[in-house]
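Data first, discussion second: the structure below is written as structure tokens.
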Amino acid sequence: MTGSEVPHAFRLAYVPGVTPAKWVRIWNERLPGVPLTLAQVSSAEVFGVLRSGDADAGFVRLPVDREDLSAIPLYTETTVVVVPKDHIVAAAEEVTTGDLADEVVWQPLDDTLDWEKLPGRPAIERPATTADAIELVAAGVGVLVVPQSLARLHHRRDLTYRPVSDAPTSRVALSWPQAEPTPDLVEEFIGIVRGRTVNSTRGRPQTPAQPKKAKRKGPETGAGKAGGAGARRGTGGGDGKPASGKSAGKGTRAGSAGAGGAKGGKGGKPRRRP
């Protein structure tokens, strides 16, 4: 986050059936100084909450209007039919919409499935909410087709559910108001939902690497190199071992003779005159 931003909280909306507990836990571990507040909002109202700024981001059900909202699809839910436990459907592992042809299939006003044609027999009215439709099913009147998470949310001991193989499905997404750039806290939450590690730098400003300083070396002259080689040759043999005392003595006498010869050659003795 930039130093100029001092956030007070991150506001997250979510529609019924979505369980954000895992992501909230990770948020609290990574950003303990920024509280995350939750608000459950109906599928019909959640987009208005995002547009009004009452939430920074939200778990919604697709489709999303991409003109002013961004979205990342997360997963697709299994669609199930909710029936009483003694219903004939309960004896099957999976059913099709054709198996519901003789049933009254409720479609509440907050239905999240995009039906081309609702299966079964038409109901006299539409319940206001999914919870109201569940009550009707529990009373033995009709059945209800919903995403599996909603069947779990409204679980009752006298009801059960079975997958419907050819029914429309519901896709859950993370959505937020479009902005350029994306707010830092929204980027943080996107990273958590996408599974980025705590050390990931995506979406965060990066500090440029500092160039390494080159080590300074002292100048090497020809005399220095020669002197070093001469010193090595003078103090040891070719195999790196110190010269023996006998060898060293010969070397010293040879050196002295060489020096004397040089002096004799230079001065010499005077010739006799005839």
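By order of appearance in the structure tokens: chains A, B, ..., then residues from 1 within every chain, and ligands from 1 in the order shown.
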Please provide the set of residues having any atom within 12 Å of Leu144 of chain A, restricted to only C-alpha atoms, with same-chain residues fewer than 3 positions apart removed, written as a ChimeraX atom specification.
/A:79-84,97,100,103-108,111,113,118-121,123,126-127,129-138,140-141,147-148,150-151,154,159-164,167
Got a sec to tell me which of segment 148-206 of chain A DSSP assigns to strand (DSSP E or B), as a VMD selection string?
chain A and resid 159 to 164 170 to 177
Taking only C-alpha atoms into account, which of A:Ala71, A:Val34, A:Ala9, A:Val49 comes nearest Val172 of chain A?
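Closest residue, counting only C-alpha atoms: A:Ala71.
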Would you return as a ChimeraX atom specification the members of segment 52-216 of chain A that DSSP assigns to helix (DSSP H, G or I) on this structure's backbone?
/A:88-91,97-100,130-138,148-153,184-194
Fewer than 6 positions away in the same chain doesn't count, so skip those; otherwise give me all residues within 9 Å of Phe189 of chain A, counting only C-alpha atoms, as an MDAnalysis selection string.
chainID A and resid 23 27 57
